[in-house]
file work28.cif (mmCIF, C-alpha atoms and all ligand atoms)
data_data
#
loop_
_atom_site.label_atom_id
_atom_site.label_comp_id
_atom_site.auth_asym_id
_atom_site.auth_seq_id
_atom_site.Cartn_x
_atom_site.Cartn_y
_atom_site.Cartn_z
CA MET V 1 0.00 0.00 0.00
CA LYS V 2 1.35 3.41 -0.94
CA PHE V 3 -0.13 6.61 0.48
CA THR V 4 0.64 9.91 -1.30
CA PHE V 5 -0.32 13.28 0.21
CA TYR V 6 -1.65 16.07 -2.04
CA GLY V 7 -2.33 18.68 0.64
CA HIS V 8 -5.28 19.58 2.89
CA ALA V 9 -7.37 16.35 2.97
CA SER V 10 -6.38 15.15 -0.52
CA PHE V 11 -4.44 11.94 -0.96
CA ALA V 12 -4.14 8.81 -3.05
CA VAL V 13 -3.66 5.22 -1.96
CA ASP V 14 -2.28 2.66 -4.39
CA ILE V 15 -3.73 -0.61 -3.20
CA ALA V 16 -4.62 -3.98 -4.71
CA GLY V 17 -3.57 -2.80 -8.17
CA LYS V 18 -5.79 0.30 -8.16
CA THR V 19 -5.26 3.98 -7.45
CA LEU V 20 -7.83 5.40 -5.06
CA LEU V 21 -7.90 9.20 -4.89
CA PHE V 22 -9.65 10.95 -2.00
CA ASP V 23 -11.22 14.42 -1.76
CA PRO V 24 -9.12 16.19 -4.41
CA PHE V 25 -8.74 19.88 -3.53
CA ILE V 26 -5.42 20.64 -5.15
CA SER V 27 -5.58 23.34 -7.84
CA PRO V 28 -7.17 25.95 -5.49
CA ASN V 29 -4.63 25.21 -2.69
CA PRO V 30 -1.54 27.46 -2.96
CA ALA V 31 0.43 25.06 -0.73
CA ALA V 32 -0.11 22.29 -3.34
CA SER V 33 1.02 24.35 -6.36
CA ALA V 34 3.76 21.78 -7.08
CA ILE V 35 1.09 19.15 -7.81
CA ASP V 36 -0.30 19.14 -11.36
CA ILE V 37 -3.73 17.52 -11.40
CA GLN V 38 -3.20 16.70 -15.09
CA GLN V 39 -0.49 14.25 -13.99
CA LEU V 40 -2.59 12.40 -11.39
CA SER V 41 -3.97 8.99 -12.13
CA ALA V 42 -7.07 7.52 -10.51
CA ASP V 43 -9.22 4.44 -10.92
CA TYR V 44 -11.63 5.63 -8.24
CA ILE V 45 -12.22 9.01 -6.63
CA PHE V 46 -13.79 8.94 -3.16
CA VAL V 47 -15.76 11.96 -1.99
CA SER V 48 -16.44 12.23 1.75
CA HIS V 49 -18.87 15.17 1.48
CA GLY V 50 -19.78 18.09 -0.72
CA HIS V 51 -17.74 20.98 0.64
CA THR V 52 -15.54 22.78 -1.88
CA ASP V 53 -12.34 21.93 -0.03
CA HIS V 54 -13.08 18.24 -0.80
CA VAL V 55 -14.56 18.27 -4.32
CA ALA V 56 -12.86 21.15 -6.17
CA ASP V 57 -10.89 18.98 -8.63
CA VAL V 58 -13.20 15.96 -8.86
CA VAL V 59 -14.82 16.83 -12.19
CA ALA V 60 -11.55 17.65 -14.00
CA ILE V 61 -9.75 14.53 -12.79
CA ALA V 62 -12.73 12.22 -13.33
CA GLN V 63 -13.25 13.47 -16.89
CA ARG V 64 -9.59 13.00 -17.84
CA THR V 65 -9.03 9.64 -16.12
CA GLY V 66 -12.50 8.08 -16.43
CA ALA V 67 -12.32 7.28 -12.72
CA ILE V 68 -15.45 6.11 -10.95
CA VAL V 69 -16.51 8.68 -8.34
CA VAL V 70 -17.75 7.03 -5.13
CA GLY V 71 -19.61 8.76 -2.32
CA GLY V 72 -22.99 9.61 -0.87
CA VAL V 73 -25.97 9.54 -3.24
CA GLU V 74 -26.62 13.28 -3.32
CA ALA V 75 -22.98 14.36 -3.58
CA VAL V 76 -22.02 12.05 -6.45
CA ASN V 77 -25.21 12.75 -8.40
CA TRP V 78 -24.50 16.49 -8.12
CA LEU V 79 -21.00 15.78 -9.45
CA LYS V 80 -22.52 13.75 -12.30
CA ASP V 81 -24.63 16.80 -13.18
CA GLN V 82 -21.38 18.80 -13.34
CA GLY V 83 -19.93 16.38 -15.89
CA VAL V 84 -18.47 13.40 -14.00
CA PRO V 85 -18.90 10.46 -16.41
CA HIS V 86 -18.97 7.53 -13.94
CA ILE V 87 -20.38 7.46 -10.43
CA HIS V 88 -21.07 4.80 -7.82
CA GLU V 89 -23.59 6.12 -5.33
CA MET V 90 -23.64 4.78 -1.79
CA ASN V 91 -25.30 5.55 1.47
CA PHE V 92 -24.05 4.41 4.86
CA GLY V 93 -23.24 0.75 4.38
CA SER V 94 -20.76 -1.55 2.65
CA CYS V 95 -20.16 -2.57 -0.95
CA THR V 96 -17.62 -4.84 -2.62
CA PHE V 97 -15.53 -3.41 -5.47
CA ASP V 98 -12.87 -5.07 -7.66
CA PHE V 99 -10.13 -3.98 -5.20
CA GLY V 100 -11.92 -4.80 -1.95
CA ARG V 101 -14.73 -3.80 0.36
CA VAL V 102 -15.77 -0.21 1.03
CA SER V 103 -17.81 0.85 4.03
CA PHE V 104 -19.22 4.38 3.96
CA VAL V 105 -19.52 5.32 7.63
CA PRO V 106 -20.99 8.35 9.39
CA ALA V 107 -19.08 11.57 10.03
CA ALA V 108 -20.35 14.23 12.42
CA HIS V 109 -20.20 17.26 10.10
CA SER V 110 -22.41 18.93 7.46
CA SER V 111 -22.56 18.65 3.69
CA SER V 112 -23.67 21.08 1.03
CA MET V 113 -22.37 21.27 -2.51
CA PRO V 114 -20.36 24.27 -3.77
CA ASP V 115 -23.53 25.89 -5.20
CA GLY V 116 -25.38 25.43 -1.90
CA SER V 117 -27.49 22.46 -2.96
CA TYR V 118 -28.10 19.56 -0.61
CA GLY V 119 -25.07 17.33 -0.19
CA GLY V 120 -26.58 14.42 1.72
CA ASN V 121 -24.84 12.98 4.75
CA PRO V 122 -21.10 13.50 5.23
CA GLY V 123 -19.10 10.34 5.80
CA GLY V 124 -15.81 8.54 5.99
CA PHE V 125 -14.57 5.38 4.31
CA VAL V 126 -13.18 2.10 5.63
CA ILE V 127 -11.29 0.34 2.83
CA ALA V 128 -10.58 -3.36 3.33
CA THR V 129 -8.49 -5.32 0.80
CA ASP V 130 -6.29 -8.40 0.62
CA GLU V 131 -3.29 -6.04 0.65
CA GLY V 132 -4.27 -4.03 3.71
CA ASN V 133 -6.89 -1.87 5.36
CA PHE V 134 -7.30 1.80 6.17
CA TYR V 135 -9.85 4.36 7.33
CA TYR V 136 -10.34 7.93 6.16
CA ALA V 137 -12.58 9.80 8.59
CA GLY V 138 -13.45 12.71 6.29
CA ASP V 139 -14.38 15.94 8.06
CA THR V 140 -15.76 14.98 11.45
CA SER V 141 -15.73 15.81 15.08
CA LEU V 142 -14.86 13.11 17.53
CA THR V 143 -17.86 10.79 17.55
CA SER V 144 -18.69 7.52 19.26
CA GLU V 145 -19.55 6.14 15.78
CA MET V 146 -15.79 5.55 15.46
CA GLN V 147 -16.01 2.70 17.95
CA LEU V 148 -17.60 0.64 15.16
CA VAL V 149 -14.68 1.05 12.75
CA PRO V 150 -12.78 -2.04 14.05
CA HIS V 151 -15.87 -4.08 13.18
CA TYR V 152 -15.22 -3.30 9.51
CA ALA V 153 -11.46 -3.84 9.43
CA ALA V 154 -8.23 -4.15 11.43
CA LEU V 155 -6.51 -0.98 10.28
CA ASP V 156 -2.94 -0.65 9.01
CA PHE V 157 -3.26 3.14 9.10
CA ALA V 158 -5.91 5.84 9.37
CA VAL V 159 -6.25 9.34 7.94
CA LEU V 160 -7.78 11.74 10.47
CA PRO V 161 -8.37 15.50 10.49
CA ILE V 162 -6.35 17.27 13.18
CA GLY V 163 -6.85 20.99 12.43
CA GLY V 164 -9.71 21.63 14.84
CA ASN V 165 -12.40 24.30 14.42
CA TYR V 166 -14.34 22.48 11.67
CA THR V 167 -13.22 18.98 12.71
CA MET V 168 -11.31 17.09 15.38
CA ASP V 169 -8.11 18.63 16.66
CA ALA V 170 -5.06 16.56 17.57
CA ARG V 171 -6.29 15.99 21.12
CA ASP V 172 -9.56 14.56 19.80
CA ALA V 173 -7.74 12.56 17.13
CA VAL V 174 -5.73 10.72 19.82
CA LEU V 175 -8.99 9.47 21.33
CA ALA V 176 -10.28 8.66 17.83
CA ALA V 177 -7.13 6.59 17.23
CA GLN V 178 -7.88 4.66 20.41
CA MET V 179 -11.51 4.06 19.36
CA ILE V 180 -10.52 2.81 15.92
CA GLN V 181 -7.67 0.73 17.44
CA CYS V 182 -5.01 2.12 15.12
CA ASP V 183 -1.45 3.16 16.02
CA LYS V 184 -0.41 4.86 12.77
CA ILE V 185 -2.32 8.05 12.08
CA ILE V 186 -1.80 10.36 9.13
CA GLY V 187 -2.96 13.86 10.08
CA VAL V 188 -4.76 15.96 7.46
CA HIS V 189 -7.02 19.06 7.28
CA TYR V 190 -4.60 21.37 9.13
CA ASN V 191 -2.64 24.55 8.29
CA THR V 192 -4.47 25.11 4.98
CA PHE V 193 -6.44 28.10 6.31
CA PRO V 194 -5.87 30.31 9.40
CA PRO V 195 -8.73 28.76 11.47
CA ILE V 196 -7.08 25.31 11.22
CA SER V 197 -3.46 26.25 11.88
CA ILE V 198 -1.85 24.05 14.52
CA ASP V 199 1.34 23.59 16.56
CA ILE V 200 2.82 20.55 14.82
CA GLU V 201 5.27 19.59 17.57
CA ALA V 202 2.55 19.80 20.22
CA ALA V 203 0.28 17.60 18.10
CA LYS V 204 2.99 14.99 17.62
CA SER V 205 3.78 14.89 21.34
CA LEU V 206 0.12 14.24 22.20
CA PHE V 207 0.31 11.11 20.05
CA VAL V 208 3.66 10.03 21.50
CA MET V 209 2.20 10.27 25.01
CA ALA V 210 -0.55 7.89 23.90
CA ASN V 211 2.00 5.46 22.39
CA LYS V 212 0.76 6.29 18.91
CA GLU V 213 2.43 7.79 15.87
CA LEU V 214 1.27 10.94 14.07
CA LEU V 215 2.60 10.98 10.51
CA LEU V 216 2.59 14.34 8.71
CA PRO V 217 4.00 13.82 5.20
CA GLN V 218 4.95 16.81 3.07
CA ILE V 219 2.76 17.55 0.04
CA GLY V 220 3.83 15.19 -2.73
CA ASP V 221 5.48 12.73 -0.36
CA SER V 222 4.55 9.05 -0.14
CA LEU V 223 4.46 6.57 2.72
CA ILE V 224 4.59 2.80 2.30
CA PHE V 225 2.54 0.56 4.58
NI NI T 1 -16.29 20.00 5.34
MN MN T 2 -13.12 20.37 4.93
#

call {"tool": "encode", "arguments": {"input": "work28.cif", "output": "C-alpha cells", "more": "lines below"}}
Ligand code: NI
Ligand code: MN
result
Amino acid sequence: MKFTFYGHASFAVDIAGKTLLFDPFISPNPAASAIDIQQLSADYIFVSHGHTDHVADVVAIAQRTGAIVVGGVEAVNWLKDQGVPHIHEMNFGSCTFDFGRVSFVPAAHSSSMPDGSYGGNPGGFVIATDEGNFYYAGDTSLTSEMQLVPHYAALDFAVLPIGGNYTMDARDAVLAAQMIQCDKIIGVHYNTFPPISIDIEAAKSLFVMANKELLLPQIGDSLIF
C-alpha cells in the first residue's frame, strides 16, 4: 500500500492494483502548487462530502481519467450533473468493489455542494483489501460512531483530520485513534487556512504520550505501509 499526500485532505492510496484518490482539492490550494492535477492517475475518486475543499478537482480529474466517483448519493449525483462520467452512489453501508470492500460510515459534520445544494450525509470510508486496510474519517468531530470502525477492518493506518475548528483537533484525534484501534495516524485538514493552523510539535507529542504515531508527510510525499 502506498499513500501519497496532495495537501489539505487530498491523498491517493495505491492498493490492490488500483489507485484510489480521495477528496481532491489541489488546484485551489496554494500550498499544493507543485502538484499538477493533469499528472494524477485515478481508478476511483472517493468523496467524503460536498464541501468545496473536498470536491474542487473531482470533475476535472474524473473526466480525464475516467475514474469512478464514489460517495454519498446526493454528492455524487450532483458531481454527475457537473460532468463526471462515472459514479457509484452509496449511502451508509458496505459494498464490494474489484479492489476490496468499502464501508461508507458516518461523520459528524455537514454537507452542502459548492452551489449550496443539498449534499446528503457527510461520511468517511473504511477500505478493506487483501493487501491491507485503512480508514479515512473525512471531516468529522470526535464521535462515538468511530467505535464501530474495528468491526469493519483491522486498520494498518488511518487518515484523520487534526486541524480543529471544523473537525477534530489533535487531542480529539488521539482518542479517535484509540476508538478505531489504530497506532499509525496520518494527520490531514490542518494549516491550509488560518482557522485550522496548529502547533505541529505539540500535536505529535500528544500522540507520542498515547503510544501512537502521528505521521505528517509533506505535500507530494509518499508513505509505504
Ligand atoms: Ni467539510
Ligand atoms: Mn473540509

call {"tool": "closest_residue", "arguments": {"input": "work28.cif", "among": "V:Leu21, V:Ala12, V:Ala32, V:Ala108", "to": "ligand NI 1 (chain T)", "atoms": "all atoms listed in the file"}}
result
V:Ala108

call {"tool": "residues_near_point", "arguments": {"input": "work28.cif", "point": "(-10.2, 2.0, -7.7)", "cutoff": "7 Å", "atoms": "all atoms listed in the file", "output": "PyMOL selection string"}}
result
chain V and resi 18-20+42-44+99

call {"tool": "closest_atom_pairs", "arguments": {"input": "work28.cif", "of": "chain V", "to": "ligand NI 1 (chain T)", "cutoff": "9 Å", "atoms": "all atoms listed in the file", "output": "CSV"}}
result
residue,atom,partner,partner_atom,distance
V:Ser48,CA,T:NI1,NI,8.6
V:His49,CA,T:NI1,NI,6.7
V:Gly50,CA,T:NI1,NI,7.2
V:His51,CA,T:NI1,NI,5.0
V:Thr52,CA,T:NI1,NI,7.8
V:Asp53,CA,T:NI1,NI,6.9
V:His54,CA,T:NI1,NI,7.1
V:His109,CA,T:NI1,NI,6.7
V:Ser110,CA,T:NI1,NI,6.6
V:Ser111,CA,T:NI1,NI,6.6
V:Ser112,CA,T:NI1,NI,8.6
V:Pro122,CA,T:NI1,NI,8.1
V:Gly138,CA,T:NI1,NI,7.9
V:Asp139,CA,T:NI1,NI,5.2
V:Thr140,CA,T:NI1,NI,7.9
V:Tyr166,CA,T:NI1,NI,7.1
V:Thr167,CA,T:NI1,NI,8.0

call {"tool": "write_last_selection", "arguments": {"input": "work28.cif", "atoms": "C-alpha atoms", "output": "mmCIF file, in the frame of the given file"}}
result
data_model
loop_
_atom_site.group_PDB
_atom_site.id
_atom_site.type_symbol
_atom_site.label_atom_id
_atom_site.label_comp_id
_atom_site.auth_asym_id
_atom_site.auth_seq_id
_atom_site.Cartn_x
_atom_site.Cartn_y
_atom_site.Cartn_z
ATOM 1 C CA SER V 48 -16.440 12.230 1.750
ATOM 2 C CA HIS V 49 -18.870 15.170 1.480
ATOM 3 C CA GLY V 50 -19.780 18.090 -0.720
ATOM 4 C CA HIS V 51 -17.740 20.980 0.640
ATOM 5 C CA THR V 52 -15.540 22.780 -1.880
ATOM 6 C CA ASP V 53 -12.340 21.930 -0.030
ATOM 7 C CA HIS V 54 -13.080 18.240 -0.800
ATOM 8 C CA HIS V 109 -20.200 17.260 10.100
ATOM 9 C CA SER V 110 -22.410 18.930 7.460
ATOM 10 C CA SER V 111 -22.560 18.650 3.690
ATOM 11 C CA SER V 112 -23.670 21.080 1.030
ATOM 12 C CA PRO V 122 -21.100 13.500 5.230
ATOM 13 C CA GLY V 138 -13.450 12.710 6.290
ATOM 14 C CA ASP V 139 -14.380 15.940 8.060
ATOM 15 C CA THR V 140 -15.760 14.980 11.450
ATOM 16 C CA TYR V 166 -14.340 22.480 11.670
ATOM 17 C CA THR V 167 -13.220 18.980 12.710
#

call {"tool": "atom_distance", "arguments": {"input": "work28.cif", "atom1": "atom CA of V:Lys184", "atom2": "atom CA of V:Leu214"}}
result
6.4 Å

call {"tool": "residues_around", "arguments": {"input": "work28.cif", "residues": "V:Gly187", "least_positions_apart": "2", "cutoff": "10 Å", "atoms": "only C-alpha atoms", "output": "list of chain:residue names"}}
result
V:His8, V:Ala9, V:Ala158, V:Val159, V:Leu160, V:Pro161, V:Ile162, V:Gly163, V:Asp169, V:Ala170, V:Ala173, V:Lys184, V:Ile185, V:His189, V:Tyr190, V:Ala203, V:Lys204, V:Glu213, V:Leu214, V:Leu215, V:Leu216, V:Pro217

call {"tool": "atom_distance", "arguments": {"input": "work28.cif", "atom1": "atom CA of V:Thr143", "atom2": "atom CA of V:Leu175"}}
result
9.7 Å

call {"tool": "residues_near_point", "arguments": {"input": "work28.cif", "point": "(2.9, 5.1, -0.7)", "cutoff": "10 Å", "atoms": "all atoms listed in the file", "output": "JSON, numbers by chain"}}
result
{"V": [1, 2, 3, 4, 5, 12, 13, 14, 15, 221, 222, 223, 224, 225]}

call {"tool": "residues_around", "arguments": {"input": "work28.cif", "residues": "V:Thr96", "least_positions_apart": "4", "cutoff": "10 Å", "atoms": "only C-alpha atoms", "output": "ChimeraX atom specification"}}
result
/V:100-103,127-129

call {"tool": "closest_residue", "arguments": {"input": "work28.cif", "among": "V:Ala56, V:Ile61, V:Ala34, V:Ala137", "to": "V:Ile186", "atoms": "all atoms listed in the file"}}
result
V:Ala137

call {"tool": "closest_residue", "arguments": {"input": "work28.cif", "among": "V:Ile87, V:Ala202, V:Val47, V:Leu40", "to": "V:Arg64", "atoms": "only C-alpha atoms"}}
result
V:Leu40

call {"tool": "atom_distance", "arguments": {"input": "work28.cif", "atom1": "atom CA of V:Ser144", "atom2": "atom CA of V:Trp78"}}
result
29.4 Å
